[in-house]
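A.B. asks: File name work.txt; file contents compact mmCIF, C-alpha atoms; full text below.
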```txt
# COMPACT_ATOMS: atom_id res chain seq x y z
CA MET A 13 28.68 14.56 30.57
CA ALA A 14 32.25 14.99 29.37
CA ARG A 15 33.00 11.33 29.96
CA ALA A 16 29.83 10.18 28.21
CA ALA A 17 30.60 12.47 25.32
CA VAL A 18 34.05 11.01 24.87
CA LEU A 19 32.74 7.44 25.14
CA GLY A 20 29.92 8.23 22.76
CA ARG A 21 31.93 9.84 19.99
CA LEU A 22 30.89 8.52 16.59
CA THR A 23 33.86 8.39 14.29
CA TRP A 24 33.67 7.72 10.57
CA LEU A 25 34.39 4.10 9.72
CA VAL A 26 35.12 2.47 6.38
CA GLY A 27 33.03 -0.60 5.58
CA THR A 28 33.45 -2.96 2.65
CA VAL A 29 30.52 -4.16 0.59
CA THR A 30 30.36 -7.96 0.90
CA ALA A 31 27.10 -8.63 -0.95
CA LEU A 32 24.28 -6.91 -2.80
CA ARG A 33 20.74 -8.24 -2.98
CA ASP A 34 17.82 -6.84 -4.94
CA GLU A 35 14.69 -6.86 -2.77
CA THR A 36 12.28 -5.21 -5.22
CA PRO A 37 12.76 -3.45 -8.58
CA THR A 38 13.66 -0.30 -6.60
CA ALA A 39 15.14 -1.52 -3.31
CA ARG A 40 18.53 -3.11 -2.74
CA THR A 41 20.16 -4.55 0.36
CA ILE A 42 23.83 -3.79 0.95
CA ALA A 43 25.74 -6.15 3.23
CA LEU A 44 28.80 -4.60 4.82
CA ASP A 45 31.78 -5.65 6.86
CA VAL A 46 32.70 -2.72 9.12
CA PRO A 47 35.88 -3.06 11.17
CA GLY A 48 35.47 -1.08 14.39
CA TRP A 49 31.65 -1.29 14.39
CA ARG A 50 30.54 -1.26 18.00
CA GLY A 51 27.17 -2.96 17.53
CA HIS A 52 23.68 -1.52 17.46
CA SER A 53 20.13 -1.90 18.71
CA ALA A 54 17.31 -2.89 16.38
CA GLY A 55 15.75 0.27 14.95
CA GLN A 56 18.86 2.45 14.81
CA HIS A 57 20.35 4.03 11.70
CA VAL A 58 23.68 5.09 10.23
CA ASP A 59 24.97 8.13 8.41
CA ILE A 60 26.52 7.38 5.02
CA ARG A 61 29.06 9.75 3.44
CA LEU A 62 29.86 9.60 -0.27
CA THR A 63 32.79 11.57 -1.63
CA ALA A 64 33.41 12.39 -5.31
CA GLU A 65 36.91 12.60 -6.79
CA ASP A 66 36.91 16.39 -6.56
CA GLY A 67 36.18 16.23 -2.83
CA TYR A 68 32.46 17.02 -3.07
CA SER A 69 30.59 14.93 -0.51
CA ALA A 70 27.01 14.09 0.40
CA GLU A 71 25.62 12.56 3.58
CA ARG A 72 22.35 10.73 4.20
CA SER A 73 20.86 8.57 6.96
CA TYR A 74 19.73 4.97 6.39
CA SER A 75 18.10 2.50 8.74
CA ILE A 76 19.90 -0.70 9.66
CA ALA A 77 18.00 -3.78 8.47
CA SER A 78 19.99 -6.48 10.24
CA ALA A 79 19.97 -7.75 13.80
CA PRO A 80 23.13 -7.06 15.81
CA ASP A 81 25.86 -9.34 14.41
CA GLY A 82 29.40 -8.33 15.28
CA GLN A 83 30.88 -6.07 12.63
CA ARG A 84 28.43 -7.22 9.94
CA LEU A 85 25.70 -4.83 8.95
CA GLU A 86 22.94 -4.71 6.35
CA LEU A 87 21.20 -1.64 4.98
CA THR A 88 18.29 -1.64 2.56
CA ILE A 89 18.14 1.34 0.22
CA GLN A 90 14.94 2.44 -1.50
CA ARG A 91 15.89 4.23 -4.72
CA LEU A 92 14.43 7.71 -5.09
CA ASP A 93 14.47 8.65 -8.76
CA ASP A 94 15.34 12.27 -8.05
CA GLY A 95 17.72 11.33 -5.24
CA GLU A 96 21.41 12.13 -5.10
CA VAL A 97 22.66 9.29 -2.89
CA SER A 98 20.14 6.45 -3.20
CA PRO A 99 20.66 5.91 -6.97
CA TYR A 100 24.40 5.50 -6.32
CA LEU A 101 23.85 3.06 -3.45
CA SER A 102 21.22 1.04 -5.30
CA GLU A 103 22.76 1.01 -8.80
CA VAL A 104 26.45 2.00 -8.87
CA LEU A 105 27.96 0.54 -5.71
CA LYS A 106 29.68 -2.84 -6.28
CA VAL A 107 30.78 -5.72 -4.09
CA GLY A 108 34.24 -4.90 -2.74
CA ASP A 109 33.69 -1.13 -2.80
CA PRO A 110 34.43 0.90 0.33
CA LEU A 111 31.59 2.78 2.05
CA GLU A 112 32.08 5.43 4.72
CA LEU A 113 29.62 5.42 7.57
CA ARG A 114 29.17 6.27 11.21
CA GLY A 115 26.73 5.11 13.84
CA PRO A 116 24.72 3.68 15.36
CA ILE A 117 22.47 6.71 15.64
CA GLY A 118 19.15 7.17 17.41
CA GLY A 119 18.36 5.81 20.84
CA TRP A 120 14.58 6.26 20.76
CA PHE A 121 13.11 4.25 17.89
CA VAL A 122 14.56 0.99 19.20
CA TRP A 123 13.03 -2.24 20.38
CA ASP A 124 14.09 -3.18 23.90
CA PRO A 125 14.43 -6.99 24.04
CA ASP A 126 13.79 -6.80 27.79
CA ASP A 127 10.32 -5.30 27.25
CA PRO A 128 8.05 -8.32 27.82
CA GLY A 129 4.96 -6.61 26.41
CA PRO A 130 3.64 -7.32 22.96
CA ALA A 131 4.70 -5.11 20.08
CA LEU A 132 2.83 -3.68 17.13
CA LEU A 133 4.94 -2.74 14.13
CA VAL A 134 3.35 -0.63 11.41
CA ALA A 135 5.32 -0.07 8.22
CA GLY A 136 4.61 2.04 5.17
CA GLY A 137 6.76 1.18 2.13
CA SER A 138 10.46 1.19 2.91
CA GLY A 139 9.54 2.05 6.51
CA ILE A 140 9.76 -1.72 6.95
CA VAL A 141 13.57 -1.55 7.17
CA PRO A 142 14.13 -0.61 10.85
CA LEU A 143 11.15 -2.79 11.81
CA MET A 144 12.78 -5.74 10.02
CA ALA A 145 15.82 -5.26 12.24
CA MET A 146 13.48 -5.65 15.23
CA ILE A 147 11.84 -8.77 13.76
CA ARG A 148 15.26 -10.29 13.06
CA ALA A 149 16.59 -9.36 16.51
CA ARG A 150 13.57 -11.01 18.12
CA ALA A 151 14.15 -14.20 16.12
CA GLN A 152 17.87 -14.18 16.81
CA ASP A 153 17.23 -13.90 20.56
CA GLY A 154 14.68 -16.71 20.48
CA SER A 155 12.33 -14.20 22.09
CA ALA A 156 8.73 -15.17 22.80
CA VAL A 157 7.51 -11.56 22.82
CA PRO A 158 4.50 -11.47 20.49
CA PHE A 159 5.03 -9.24 17.44
CA ARG A 160 2.34 -8.15 15.02
CA LEU A 161 3.36 -6.45 11.79
CA VAL A 162 1.00 -4.43 9.62
CA TYR A 163 2.78 -3.59 6.37
CA SER A 164 1.33 -1.19 3.81
CA VAL A 165 2.64 -1.37 0.26
CA ARG A 166 1.40 0.08 -3.00
CA SER A 167 1.34 -3.30 -4.75
CA PRO A 168 2.69 -6.85 -4.22
CA ASP A 169 5.88 -6.18 -6.24
CA GLN A 170 6.84 -3.46 -3.75
CA VAL A 171 7.07 -5.86 -0.79
CA ILE A 172 10.57 -5.86 0.68
CA TYR A 173 11.68 -9.07 2.47
CA GLY A 174 8.50 -10.89 1.29
CA PRO A 175 9.79 -14.50 1.39
CA GLU A 176 11.57 -14.02 4.71
CA LEU A 177 8.50 -12.43 6.30
CA ALA A 178 6.30 -15.28 5.06
CA GLU A 179 8.70 -17.82 6.51
CA ARG A 180 8.86 -16.08 9.87
CA ALA A 181 5.07 -15.75 10.03
CA ALA A 182 4.72 -19.46 9.26
CA ALA A 183 7.06 -20.41 12.10
CA GLY A 184 4.20 -20.13 14.59
CA ASP A 185 6.33 -18.52 17.27
CA GLY A 186 4.24 -15.44 17.93
CA PHE A 187 4.97 -13.33 14.87
CA SER A 188 2.03 -12.38 12.68
CA LEU A 189 1.94 -10.50 9.40
CA THR A 190 -0.83 -8.50 7.72
CA TYR A 191 -0.44 -6.74 4.40
CA VAL A 192 -2.38 -3.65 3.39
CA TYR A 193 -2.24 -3.02 -0.38
CA THR A 194 -2.93 0.62 -1.08
CA ARG A 195 -3.18 0.55 -4.92
CA THR A 196 -3.20 -3.02 -6.22
CA ALA A 197 -4.08 -6.09 -4.17
CA PRO A 198 -3.05 -9.55 -5.33
CA PRO A 199 -5.73 -12.09 -6.28
CA GLY A 200 -7.18 -13.66 -3.18
CA ALA A 201 -6.19 -10.84 -0.83
CA ASP A 202 -8.23 -10.56 2.37
CA ARG A 203 -9.46 -7.10 1.50
CA PRO A 204 -9.56 -4.83 -1.54
CA ALA A 205 -6.81 -2.28 -2.14
CA GLY A 206 -7.17 0.80 0.03
CA ARG A 207 -5.62 2.89 2.71
CA ILE A 208 -4.87 1.57 6.16
CA SER A 209 -7.88 1.94 8.46
CA ALA A 210 -8.83 1.81 12.12
CA GLY A 211 -10.53 -1.52 11.35
CA VAL A 212 -7.37 -3.13 10.01
CA LEU A 213 -5.31 -1.87 12.93
CA ALA A 214 -7.88 -3.15 15.43
CA GLN A 215 -8.08 -6.53 13.73
CA ALA A 216 -4.38 -7.07 13.05
CA GLY A 217 -2.94 -5.20 16.03
CA TRP A 218 -3.50 -5.27 19.78
CA PRO A 219 -6.26 -3.80 21.93
CA PRO A 220 -5.10 -0.68 23.83
CA ARG A 221 -5.58 -2.41 27.19
CA GLN A 222 -2.62 -4.67 26.37
CA ALA A 223 -0.49 -1.53 26.11
CA PRO A 224 1.68 -2.76 23.24
CA ALA A 225 4.93 -1.06 22.37
CA VAL A 226 4.11 0.54 19.02
CA PHE A 227 6.59 1.38 16.27
CA VAL A 228 5.37 3.23 13.18
CA CYS A 229 7.72 3.98 10.30
CA GLY A 230 7.00 5.31 6.84
CA PRO A 231 6.33 8.44 4.85
CA THR A 232 5.15 11.43 6.87
CA GLY A 233 1.51 11.34 5.78
CA TYR A 234 1.28 7.63 6.50
CA VAL A 235 2.81 7.93 9.96
CA GLU A 236 0.56 10.88 10.83
CA ALA A 237 -2.50 8.89 9.73
CA VAL A 238 -1.55 5.71 11.59
CA ALA A 239 -0.56 7.53 14.78
CA GLY A 240 -3.88 9.39 14.64
CA LEU A 241 -5.86 6.16 14.18
CA LEU A 242 -4.03 4.48 17.08
CA THR A 243 -4.43 7.34 19.55
CA GLY A 244 -8.05 7.67 18.39
CA ALA A 245 -8.58 4.00 19.25
CA GLY A 246 -7.29 4.62 22.76
CA HIS A 247 -3.60 3.72 22.53
CA ASP A 248 -1.35 5.69 24.88
CA PRO A 249 0.58 8.27 22.81
CA GLY A 250 3.53 7.66 25.14
CA ARG A 251 3.79 4.05 23.87
CA ILE A 252 3.84 5.05 20.19
CA LYS A 253 7.27 5.67 18.69
CA THR A 254 7.44 7.08 15.20
CA GLU A 255 10.01 7.53 12.48
CA ARG A 256 9.04 9.66 9.50
CA PHE A 257 10.82 10.19 6.23
CA GLY A 258 10.31 11.84 2.89
CA PRO A 259 8.51 14.94 1.78
CA THR A 260 5.39 16.33 3.37
CA GLY A 261 3.49 16.47 0.13
CA SER A 262 2.39 20.00 0.96
CA MET B 25 41.06 12.11 4.83
CA PRO B 26 37.77 10.98 3.30
CA ILE B 27 37.83 7.97 1.02
CA ILE B 28 36.60 8.32 -2.54
CA SER B 29 33.35 6.55 -3.44
CA PRO B 30 34.13 4.86 -6.79
CA GLY B 31 31.83 6.21 -9.48
CA PHE B 32 30.10 8.81 -7.30
CA LYS B 33 29.61 12.13 -9.08
CA GLY B 34 27.13 13.88 -6.82
CA ARG B 35 24.74 16.61 -7.76
CA ARG B 36 25.76 20.11 -6.87
CA ARG B 37 22.73 22.33 -6.50
CA PRO B 38 22.57 26.07 -6.89
CA GLY B 39 22.77 27.62 -3.44
CA GLY B 40 24.71 24.65 -2.12
CA GLU B 41 27.58 26.87 -1.06
CA LYS B 42 25.26 28.39 1.57
CA LEU B 43 24.75 24.98 3.18
CA PRO B 44 26.40 23.87 6.43
CA PRO B 45 28.63 20.77 6.08
CA GLY B 46 26.82 17.51 5.34
CA GLN B 47 23.49 19.19 4.57
CA TYR B 48 21.42 19.12 1.36
CA LEU B 49 18.77 21.50 0.16
CA VAL B 50 15.06 20.68 0.06
CA THR B 51 12.15 22.78 -1.13
CA ASP B 52 9.40 20.96 0.74
CA PHE B 53 9.15 20.96 4.53
CA PRO B 54 9.78 17.51 6.02
CA VAL B 55 8.25 16.56 9.36
CA LEU B 56 10.23 14.61 11.97
CA SER B 57 8.90 13.86 15.43
CA ALA B 58 9.45 11.06 17.90
CA GLY B 59 5.79 10.29 18.50
CA PRO B 60 2.22 11.14 17.60
CA THR B 61 1.45 14.79 16.87
CA PRO B 62 -0.26 16.41 19.87
CA ARG B 63 -3.41 18.39 19.04
CA VAL B 64 -3.41 21.42 21.32
CA ASP B 65 -6.47 23.64 21.59
CA THR B 66 -5.50 27.32 21.92
CA ALA B 67 -8.36 27.67 24.44
CA ARG B 68 -6.30 25.54 26.83
CA TRP B 69 -2.84 26.55 25.65
CA GLU B 70 -0.44 28.06 28.14
CA LEU B 71 3.20 29.09 28.07
CA ARG B 72 5.09 29.09 31.37
CA VAL B 73 8.51 30.56 32.02
CA ARG B 74 9.98 29.34 35.29
CA THR B 75 13.11 30.88 36.75
CA GLU B 76 15.89 29.26 38.75
CA LYS B 77 14.20 30.66 41.88
CA GLY B 78 10.91 29.00 41.00
CA GLN B 79 9.08 32.14 39.92
CA VAL B 80 6.60 31.47 37.16
CA THR B 81 5.37 33.87 34.49
CA SER B 82 2.63 32.53 32.26
CA TRP B 83 0.64 33.61 29.21
CA ASP B 84 -2.59 32.19 27.87
CA TRP B 85 -3.16 32.32 24.12
CA ALA B 86 -4.88 35.72 24.19
CA ALA B 87 -2.18 37.34 26.32
CA PHE B 88 0.53 35.76 24.18
CA GLN B 89 -1.09 37.10 21.00
CA ARG B 90 -1.11 40.62 22.46
CA LEU B 91 2.69 40.61 22.79
CA PRO B 92 4.59 42.46 20.07
CA SER B 93 5.46 40.05 17.27
CA GLU B 94 8.11 40.02 14.56
CA ASP B 95 8.26 38.65 11.03
CA VAL B 96 11.45 36.74 10.39
CA THR B 97 12.85 34.93 7.35
CA VAL B 98 15.39 32.28 8.27
CA ASP B 99 17.18 29.18 6.96
CA LEU B 100 16.49 25.87 8.72
CA HIS B 101 18.94 23.02 9.22
CA CYS B 102 17.74 19.62 10.42
CA VAL B 103 20.19 17.11 11.88
CA THR B 104 18.73 14.49 9.50
CA LYS B 105 20.61 16.43 6.76
CA TRP B 106 17.97 18.54 5.05
CA SER B 107 18.12 22.32 4.99
CA LYS B 108 15.46 24.73 3.81
CA PHE B 109 16.22 28.30 2.87
CA GLY B 110 14.15 31.43 3.38
CA THR B 111 11.35 30.16 5.61
CA ARG B 112 8.97 32.90 6.77
CA TRP B 113 7.64 32.99 10.32
CA ARG B 114 5.85 35.29 12.71
CA GLY B 115 6.46 35.01 16.40
CA VAL B 116 7.32 36.66 19.67
CA SER B 117 11.01 37.23 20.33
CA LEU B 118 12.41 35.60 23.45
CA ASP B 119 13.86 39.05 24.22
CA THR B 120 10.27 40.25 24.56
CA LEU B 121 9.11 37.24 26.58
CA LEU B 122 12.00 37.38 29.00
CA ALA B 123 12.23 41.18 29.28
CA ASP B 124 10.52 41.35 32.66
CA VAL B 125 11.69 37.97 33.94
CA GLU B 126 14.27 38.34 36.68
CA THR B 127 16.95 35.73 36.14
CA SER B 128 20.67 35.21 36.01
CA ALA B 129 20.34 31.63 34.81
CA GLU B 130 22.70 30.45 32.10
CA TYR B 131 20.79 27.39 30.93
CA ALA B 132 17.32 26.80 29.57
CA LEU B 133 15.20 23.70 29.07
CA ALA B 134 12.27 24.04 26.67
CA ARG B 135 9.26 21.83 27.42
CA SER B 136 6.50 20.77 25.07
CA TYR B 137 3.03 19.29 25.03
CA GLY B 138 3.60 15.55 24.61
CA GLY B 139 6.61 15.57 26.94
CA TYR B 140 9.42 16.61 24.58
CA THR B 141 12.31 18.63 26.03
CA THR B 142 15.44 20.26 24.64
CA ASN B 143 18.19 22.26 26.35
CA LEU B 144 20.18 25.26 25.23
CA PRO B 145 22.14 28.12 26.75
CA VAL B 146 20.06 31.17 27.66
CA ALA B 147 22.48 33.25 25.57
CA ASP B 148 21.21 31.40 22.49
CA LEU B 149 17.66 32.52 23.23
CA LEU B 150 18.48 36.23 23.51
CA ASP B 151 19.62 39.10 21.27
CA GLY B 152 17.26 38.41 18.39
CA LYS B 153 18.21 34.77 17.97
CA ALA B 154 15.02 32.97 19.06
CA TRP B 155 11.25 33.25 18.85
CA ILE B 156 8.07 31.50 19.90
CA ALA B 157 6.57 31.23 16.42
CA TYR B 158 2.87 30.78 15.66
CA ASN B 159 2.62 31.62 11.94
CA TYR B 160 4.42 29.90 9.11
CA ASP B 161 4.34 31.29 5.58
CA GLY B 162 1.49 33.62 6.46
CA ARG B 163 -0.75 31.00 8.06
CA ALA B 164 -1.39 29.60 11.50
CA LEU B 165 1.27 27.01 12.28
CA THR B 166 -0.11 23.49 11.68
CA PRO B 167 0.16 20.77 14.36
CA GLU B 168 2.65 18.69 12.28
CA HIS B 169 5.05 21.62 12.26
CA GLY B 170 4.59 22.37 15.95
CA GLY B 171 1.42 24.45 16.14
CA PRO B 172 -0.15 26.23 17.79
CA ALA B 173 3.32 27.55 18.73
CA ARG B 174 6.89 26.30 18.57
CA LEU B 175 10.27 27.52 19.60
CA LEU B 176 12.33 28.77 16.65
CA VAL B 177 16.11 28.88 17.12
CA PRO B 178 17.35 28.78 13.53
CA HIS B 179 21.08 29.05 14.24
CA LEU B 180 21.00 25.59 15.88
CA TYR B 181 19.83 22.24 14.41
CA LEU B 182 16.08 22.13 14.23
CA TRP B 183 15.52 19.66 17.08
CA LYS B 184 16.34 22.60 19.38
CA SER B 185 13.32 24.45 17.95
CA ALA B 186 10.88 22.54 20.16
CA LYS B 187 7.47 21.96 18.56
CA TRP B 188 4.31 22.41 20.68
CA VAL B 189 6.32 24.39 23.24
CA ASN B 190 4.57 25.17 26.50
CA GLY B 191 7.35 26.05 28.88
CA ILE B 192 10.87 27.30 29.36
CA ASP B 193 12.74 26.49 32.54
CA LEU B 194 15.64 28.79 33.35
CA MET B 195 18.31 26.98 35.35
CA ASP B 196 21.73 27.42 36.93
CA THR B 197 22.85 24.01 35.68
CA ASP B 198 22.58 22.41 32.27
CA GLU B 199 20.18 19.51 31.87
CA PRO B 200 20.18 17.42 28.67
CA GLY B 201 16.84 17.24 26.90
CA PHE B 202 15.16 14.38 25.03
CA TRP B 203 17.48 13.92 22.05
CA GLU B 204 20.49 15.22 23.97
CA GLN B 205 20.17 12.20 26.29
CA LEU B 206 19.89 9.86 23.30
CA GLY B 207 23.17 10.58 21.58
CA TYR B 208 22.56 13.94 19.95
CA ASN B 209 24.89 16.86 20.54
CA ASN B 210 24.34 19.02 23.60
CA TYR B 211 24.70 22.26 21.61
CA GLY B 212 23.97 21.46 17.95
CA ASP B 213 25.71 24.08 15.82
CA PRO B 214 25.13 23.10 12.16
CA TRP B 215 28.14 25.09 10.94
CA ARG B 216 30.42 22.99 13.14
CA GLU B 217 28.42 19.85 12.25
CA GLN B 218 27.66 19.11 15.91
CA ARG B 219 25.17 16.33 15.25
CA TYR B 220 26.05 13.75 17.89
CA TRP B 221 27.90 13.35 21.19
CA GLY B 222 31.54 14.25 20.82
CA ASP B 223 31.12 16.13 17.49
```
What would the structure in this file look like if it were written as structure tokens?
C.D. replies:
Amino acid sequence: MARAAVLGRLTWLVGTVTALRDETPTARTIALDVPGWRGHSAGQHVDIRLTAEDGYSAERSYSIASAPDGQRLELTIQRLDDGEVSPYLSEVLKVGDPLELRGPIGGWFVWDPDDPGPALLVAGGSGIVPLMAMIRARAQDGSAVPFRLVYSVRSPDQVIYGPELAERAAAGDGFSLTYVYTRTAPPGADRPAGRISAGVLAQAGWPPRQAPAVFVCGPTGYVEAVAGLLTGAGHDPGRIKTERFGPTGS
Amino acid sequence: MPIISPGFKGRRRPGGEKLPPGQYLVTDFPVLSAGPTPRVDTARWELRVRTEKGQVTSWDWAAFQRLPSEDVTVDLHCVTKWSKFGTRWRGVSLDTLLADVETSAEYALARSYGGYTTNLPVADLLDGKAWIAYNYDGRALTPEHGGPARLLVPHLYLWKSAKWVNGIDLMDTDEPGFWEQLGYNNYGDPWREQRYWGD
């Protein structure tokens, strides 16, 4: 244990912002160069620490959006209007600024590239971010593992990574993409706006007998609902990994 | 020496001085779990305490409910950075549960429906520091928050307060639990910011 603990120590590192990219009106991707970064697995997150001039500091966790790539790292930040850290990261931070972080954190909600089974990814809103890291890692590896993504968004303008997802789905290499619009569907959508349902998951996902690895990430209520629909349809709870964020709403 | 984040002002909240390092205050009650929420019927619920010698003491829901309970109001600190002040619970103290259990074990591993585990020293379960809680804010504990019953160890990060608890193994040697094997700190003291390995 002592040896593992020493090897596993996560020290604070200082990254430099190399690029900023607006994904939606409220989500921004931050590209970082982080000397000393030891690499990560798709699905993991980092802790960010901001420090004001008077020494006051605030920490938050953010999912990594990029596939493993040396000391380069991308995070996508969804701005919360009443947030303390996300407005800074999505509006104030500039290219060239330093950013303190440590990681990678979380060894559970990760895609194992050696798992040959198919995978079902279910995202609600900015819950797409760690799943995008998995999609990108799969593509980077040239993996043939079939991935199916079901992505719930309020409306088309809230889609993060839209063009990239469309391109990857069009590649015909075993990645499929299904949108669920919960408030406003675009013209010509396959189904009217509405909540994710057992029917959509059955149609766009995998049958339980194929025992897919399942990753569900999104707001708490969404993840609870999806996990309930999947176990109700006969999926093994032990194959369903979840990551929840945000308030409970109760 | 932390580096300054250019242009960051921060938002100091009232009560913030009562927060452990790196935490922020919330007023709602976030839910974080690694998998689907198990639905456990109290008709089939059981709590088993197993000693280092293999002796098992168990309670079904009715027997558990007959044990003396306590009302406690405690602050919660989750490793994902949120803290919540003044949460009100009712539960059975581990002092009560372990009173007649013969053990000299120093380590405990809590087990849950759904397969979750977490480890902690037995000393952290005793002397009024831990409960098996079944009411939250005056109501039966909901499944999302660990109902029908969860461990409550508020002086450690909340992942130690195993939801859906159904067993406590008392052991002579320490055995890392679920998150403790995946990079999270073996002890988890929020006041020393022991979030991850090596903290």
A.B. asks: In Å to one decimal, how far is atom CA of B:Asp65 from atom CA of B:Gly171?
C.D. replies: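 Separation between atom CA of B:Gly171 and atom CA of B:Asp65: 9.6 Å.
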A.B. asks: Give as a PyMOL selection string every residue, naming chains and numbers as the document does, that has an atom within 6 Å of (31.3, -3.5, 4.3), counting only C-alpha atoms.
C.D. replies: chain A and resi 27-30+44-46
A.B. asks: So how many Å separate atom CA of B:Leu56 and atom CA of B:Ala134, to one decimal?
C.D. replies: 17.6 Å
A.B. asks: Figure out the distance between atom CA of B:Gln205 and atom CA of A:Asp248, please, to one decimal in Å.
C.D. replies: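 Between these atoms lies a distance of 22.5 Å.
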A.B. asks: Set out as CSV a contact list for chain A and chain B with a cut-off of 8 Å, giving each residue of chain A that qualifies its closest atom pair and distance in Å to one decimal, counting all atoms listed in the file, ordered by chain and rising residue number.
C.D. replies:
```
residue,atom,partner,partner_atom,distance
A:Ala16,CA,B:Trp221,CA,7.9
A:Ala17,CA,B:Gly222,CA,4.9
A:Val18,CA,B:Gly222,CA,5.8
A:Gly20,CA,B:Trp221,CA,5.7
A:Arg21,CA,B:Gly222,CA,4.5
A:Leu22,CA,B:Gly222,CA,7.2
A:Leu62,CA,B:Ser29,CA,5.6
A:Thr63,CA,B:Ile28,CA,5.1
A:Ala64,CA,B:Phe32,CA,5.3
A:Glu65,CA,B:Ile28,CA,6.0
A:Gly67,CA,B:Ile28,CA,7.9
A:Tyr68,CA,B:Gly34,CA,7.2
A:Ser69,CA,B:Gly34,CA,7.3
A:Ala70,CA,B:Gly46,CA,6.0
A:Glu71,CA,B:Gly46,CA,5.4
A:Arg72,CA,B:Lys105,CA,6.5
A:Ser73,CA,B:Thr104,CA,6.8
A:Glu96,CA,B:Arg35,CA,6.2
A:Val97,CA,B:Gly34,CA,7.5
A:Tyr100,CA,B:Phe32,CA,6.7
A:Val104,CA,B:Gly31,CA,6.9
A:Leu105,CA,B:Pro30,CA,7.6
A:Asp109,CA,B:Pro30,CA,7.2
A:Pro110,CA,B:Ser29,CA,6.9
A:Leu111,CA,B:Ser29,CA,6.9
A:Glu112,CA,B:Ile27,CA,7.3
A:Ile117,CA,B:Gly207,CA,7.1
A:Gly118,CA,B:Leu206,CA,6.5
A:Gly119,CA,B:Leu206,CA,5.0
A:Trp120,CA,B:Leu206,CA,6.9
A:Phe121,CA,B:Ala58,CA,7.7
A:Thr232,CA,B:Val55,CA,6.5
A:Glu236,CA,B:Pro60,CA,7.0
A:Ala239,CA,B:Pro60,CA,5.4
A:Gly240,CA,B:Pro60,CA,7.0
A:Thr243,CA,B:Pro60,CA,7.9
A:Pro249,CA,B:Pro60,CA,6.2
A:Gly250,CA,B:Gly59,CA,7.5
A:Ile252,CA,B:Gly59,CA,5.8
A:Lys253,CA,B:Gly59,CA,4.9
A:Thr254,CA,B:Gly59,CA,4.9
A:Glu255,CA,B:Ala58,CA,6.5
A:Arg256,CA,B:Leu56,CA,5.7
A:Phe257,CA,B:Leu56,CA,7.3
A:Gly258,CA,B:Pro54,CA,6.5
A:Pro259,CA,B:Pro54,CA,5.1
A:Thr260,CA,B:Pro54,CA,5.3
A:Gly261,CA,B:Asp52,CA,7.4
A:Ser262,CA,B:Asp52,CA,7.1
```
A.B. asks: Please write a file for stretch 186-197 of chain B, taken from the block I just shared, that holds N, CA and C atoms and is laid out as a PDB file, in the first residue's frame.
C.D. replies:
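Writing done, so here's out-v7.pdb:
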```pdb
ATOM      1  N   ALA B 186     -21.159   4.477   3.457  1.00  0.00           N
ATOM      2  CA  ALA B 186     -21.686   3.570   2.429  1.00  0.00           C
ATOM      3  C   ALA B 186     -23.205   3.586   2.356  1.00  0.00           C
ATOM      4  N   LYS B 187     -23.733   3.884   1.154  1.00  0.00           N
ATOM      5  CA  LYS B 187     -25.171   3.767   0.912  1.00  0.00           C
ATOM      6  C   LYS B 187     -25.559   2.291   0.852  1.00  0.00           C
ATOM      7  N   TRP B 188     -26.827   2.003   1.120  1.00  0.00           N
ATOM      8  CA  TRP B 188     -27.418   0.663   0.985  1.00  0.00           C
ATOM      9  C   TRP B 188     -26.615  -0.384   1.778  1.00  0.00           C
ATOM     10  N   VAL B 189     -26.106   0.024   2.921  1.00  0.00           N
ATOM     11  CA  VAL B 189     -25.213  -0.860   3.693  1.00  0.00           C
ATOM     12  C   VAL B 189     -25.957  -2.123   4.129  1.00  0.00           C
ATOM     13  N   ASN B 190     -25.267  -3.244   4.046  1.00  0.00           N
ATOM     14  CA  ASN B 190     -25.873  -4.492   4.540  1.00  0.00           C
ATOM     15  C   ASN B 190     -24.883  -5.351   5.322  1.00  0.00           C
ATOM     16  N   GLY B 191     -23.680  -4.825   5.551  1.00  0.00           N
ATOM     17  CA  GLY B 191     -22.754  -5.626   6.330  1.00  0.00           C
ATOM     18  C   GLY B 191     -21.541  -4.843   6.775  1.00  0.00           C
ATOM     19  N   ILE B 192     -20.992  -5.246   7.888  1.00  0.00           N
ATOM     20  CA  ILE B 192     -19.723  -4.700   8.352  1.00  0.00           C
ATOM     21  C   ILE B 192     -18.847  -5.865   8.758  1.00  0.00           C
ATOM     22  N   ASP B 193     -17.708  -5.985   8.069  1.00  0.00           N
ATOM     23  CA  ASP B 193     -16.737  -7.012   8.416  1.00  0.00           C
ATOM     24  C   ASP B 193     -15.697  -6.387   9.336  1.00  0.00           C
ATOM     25  N   LEU B 194     -15.431  -7.030  10.452  1.00  0.00           N
ATOM     26  CA  LEU B 194     -14.403  -6.565  11.381  1.00  0.00           C
ATOM     27  C   LEU B 194     -13.170  -7.436  11.164  1.00  0.00           C
ATOM     28  N   MET B 195     -12.021  -6.797  10.945  1.00  0.00           N
ATOM     29  CA  MET B 195     -10.852  -7.546  10.483  1.00  0.00           C
ATOM     30  C   MET B 195      -9.576  -7.110  11.193  1.00  0.00           C
ATOM     31  N   ASP B 196      -8.615  -8.043  11.255  1.00  0.00           N
ATOM     32  CA  ASP B 196      -7.319  -7.723  11.858  1.00  0.00           C
ATOM     33  C   ASP B 196      -6.428  -6.944  10.904  1.00  0.00           C
ATOM     34  N   THR B 197      -6.705  -7.079   9.606  1.00  0.00           N
ATOM     35  CA  THR B 197      -5.885  -6.353   8.627  1.00  0.00           C
ATOM     36  C   THR B 197      -6.773  -5.427   7.801  1.00  0.00           C
TER      37      THR B 197
END
```
